[in-house]
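Engineer: Next up is a structure, given as structure tokens.
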Amino acid sequence: MIEEIQGKHPEATAPEVWFQDEARVGQKGTLTRRWAPRGSRPRAIRDHRFKSAYLFGAVCPDRDLGIAVVLSRASSEAMDILLAELSQAVAPGAHAAVLIDGAGYRIAGDLTVPNNITLVRLPSYSPELNAIEKLWQFMRENILSHRLFDSLDHIIDVCCDAWNRILAEPGRIRSTCGYRWASQVKI
């Protein structure tokens, strides 16, 4: 697969491996473990409404870089928006291999893939190969848990704030999403 990508893009000077996925963040929320005295039951808020937003993100652990867009629904149009943003983030002269799962809107025939990006599908049922899943887990456990959201706009604002907090922490993407095998891939 890598040789095929390299053959199609011999002009690329530096390879980049990106991991892409989306996270649904909504009013249902996430409960996580909390410290409490033995034998007690700590209180935690829980919402039972159904509004949610999608945080589409992509990370390049080697460059400690990430990009994201927050949208109200997951679709091929949303993926097009993310790919356009990702194309701008790829280093000049480089070509990006973007590892994706097999969700229908990621492999849709009407998807617009920029010239400096090649989408590489991961095997089915293998979320452990997609490093950005670890970032979603970190965000849910440390930033997004135990919250109530008033509206869809509030969810979107909190997602943007959470993503910006991740980007503001130097080394967070590299330490959370860095897979040794991914940095050894040569395009």
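Letters A, B, ... mark the chains of the structure tokens in the order given; residue numbers begin at 1 per chain; ligand numbers begin at 1, in order shown.
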I'd like the neighbourhood of stretch 55-64 of chain A as a tab-separated table (two decimals) with N, CA and C atoms, in the first residue's frame, where a residue qualifies if any of its atoms comes within 7 Å (using only C-alpha atoms), though same-chain residues fewer than 6 positions away should be ignored.

Structural biologist:
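Okay, out-v4.tsv is ready:
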```tsv
chain	number	residue	atom	x	y	z
A	17	VAL	N	1.97	11.00	8.48
A	17	VAL	CA	0.91	10.05	8.82
A	17	VAL	C	-0.05	10.76	9.76
A	18	TRP	N	-1.30	10.84	9.33
A	18	TRP	CA	-2.37	11.47	10.11
A	18	TRP	C	-3.40	10.42	10.48
A	19	PHE	N	-4.02	10.59	11.64
A	19	PHE	CA	-5.11	9.74	12.09
A	19	PHE	C	-6.37	10.59	12.14
A	20	GLN	N	-7.47	10.10	11.57
A	20	GLN	CA	-8.71	10.87	11.51
A	20	GLN	C	-9.86	10.06	12.07
A	21	ASP	N	-10.74	10.74	12.79
A	21	ASP	CA	-11.96	10.13	13.30
A	21	ASP	C	-12.86	11.25	13.80
A	22	GLU	N	-14.05	10.88	14.24
A	22	GLU	CA	-14.93	11.87	14.83
A	22	GLU	C	-15.42	11.35	16.17
A	23	ALA	N	-15.79	12.28	17.04
A	23	ALA	CA	-16.34	11.94	18.35
A	23	ALA	C	-17.69	12.64	18.47
A	24	ARG	N	-18.68	11.89	18.92
A	24	ARG	CA	-19.99	12.49	19.19
A	24	ARG	C	-19.97	12.98	20.63
A	70	VAL	N	-16.13	21.30	14.26
A	70	VAL	CA	-17.27	20.83	15.06
A	70	VAL	C	-18.53	21.13	14.27
A	71	LEU	N	-19.31	20.08	14.00
A	71	LEU	CA	-20.51	20.22	13.18
A	71	LEU	C	-21.68	19.52	13.85
A	82	LEU	N	-13.56	18.86	6.63
A	82	LEU	CA	-12.37	18.47	7.39
A	82	LEU	C	-11.18	18.24	6.46
A	132	ILE	N	-6.16	8.51	17.24
A	132	ILE	CA	-6.98	9.62	17.72
A	132	ILE	C	-8.04	9.13	18.70
A	159	CYS	N	-17.01	21.86	22.85
A	159	CYS	CA	-16.13	21.06	22.00
A	159	CYS	C	-14.97	21.89	21.48
A	171	GLY	N	2.99	18.92	23.37
A	171	GLY	CA	3.31	17.52	23.54
A	171	GLY	C	2.13	16.61	23.81
A	173	ILE	N	-0.61	15.86	21.97
A	173	ILE	CA	-0.96	15.00	20.84
A	173	ILE	C	0.12	13.95	20.63
A	174	ARG	N	1.38	14.36	20.69
A	174	ARG	CA	2.48	13.41	20.49
A	174	ARG	C	2.47	12.33	21.57
A	177	CYS	N	-1.13	10.24	21.22
A	177	CYS	CA	-1.42	9.57	19.95
A	177	CYS	C	-0.20	8.99	19.25
A	178	GLY	N	0.97	9.14	19.80
A	178	GLY	CA	2.18	8.67	19.12
A	178	GLY	C	2.33	7.16	19.15
A	183	SER	N	5.31	6.26	13.06
A	183	SER	CA	6.41	7.17	12.70
A	183	SER	C	7.43	6.47	11.80
```

Engineer: Write out as a tab-separated table (two decimals) with C-alpha atoms, in the first residue's frame the set of residues from stretch 14-184 of chain A that DSSP, computed on the backbone, places in alpha helix (DSSP H).

Structural biologist:
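Contents of result06.tsv, as written:
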```
chain	number	residue	atom	x	y	z
A	76	SER	CA	-19.77	13.32	3.58
A	77	GLU	CA	-20.10	17.13	3.43
A	78	ALA	CA	-18.65	17.32	6.94
A	79	MET	CA	-15.79	15.07	5.86
A	80	ASP	CA	-15.15	17.34	2.84
A	81	ILE	CA	-14.85	20.33	5.19
A	82	LEU	CA	-12.37	18.47	7.39
A	83	LEU	CA	-10.28	17.29	4.41
A	84	ALA	CA	-10.07	20.87	3.10
A	85	GLU	CA	-8.78	22.02	6.51
A	86	LEU	CA	-6.40	19.08	6.72
A	87	SER	CA	-5.00	19.84	3.26
A	88	GLN	CA	-4.03	23.31	4.52
A	89	ALA	CA	-2.28	21.80	7.58
A	132	ILE	CA	-6.98	9.62	17.72
A	133	GLU	CA	-9.31	7.28	19.65
A	134	LYS	CA	-6.92	7.67	22.60
A	135	LEU	CA	-7.31	11.45	22.36
A	136	TRP	CA	-11.12	11.17	22.40
A	137	GLN	CA	-10.86	8.99	25.51
A	138	PHE	CA	-8.58	11.53	27.22
A	139	MET	CA	-10.97	14.38	26.36
A	152	LEU	CA	-26.54	22.52	20.69
A	153	ASP	CA	-24.65	25.84	20.63
A	154	HIS	CA	-23.38	25.15	24.14
A	155	ILE	CA	-22.17	21.68	23.07
A	156	ILE	CA	-20.35	23.19	20.08
A	157	ASP	CA	-18.72	25.87	22.25
A	158	VAL	CA	-17.52	23.29	24.78
A	159	CYS	CA	-16.13	21.06	22.00
A	160	CYS	CA	-14.20	23.99	20.55
A	161	ASP	CA	-12.88	24.90	23.99
A	162	ALA	CA	-11.86	21.27	24.70
A	163	TRP	CA	-10.02	20.98	21.38
A	164	ASN	CA	-8.24	24.31	21.93
A	165	ARG	CA	-7.16	23.14	25.40
A	166	ILE	CA	-5.64	20.01	23.84
A	167	LEU	CA	-3.76	22.09	21.24
A	168	ALA	CA	-2.54	24.56	23.87
A	172	ARG	CA	-0.24	16.32	24.34
A	173	ILE	CA	-0.96	15.00	20.84
A	174	ARG	CA	2.48	13.41	20.49
A	175	SER	CA	2.32	11.71	23.89
A	176	THR	CA	-1.30	10.57	23.62
A	177	CYS	CA	-1.42	9.57	19.95
A	180	ARG	CA	5.98	3.93	17.18
A	181	TRP	CA	4.93	2.00	14.06
A	182	ALA	CA	3.24	5.08	12.57
A	183	SER	CA	6.41	7.17	12.70
```

Engineer: Please provide as an NGL selection string all residues within 7 Å of A:Leu122, with the sequence filter that same-chain residues fewer than 5 positions apart are discarded (counting only C-alpha atoms).

Structural biologist: :A and (99-101)
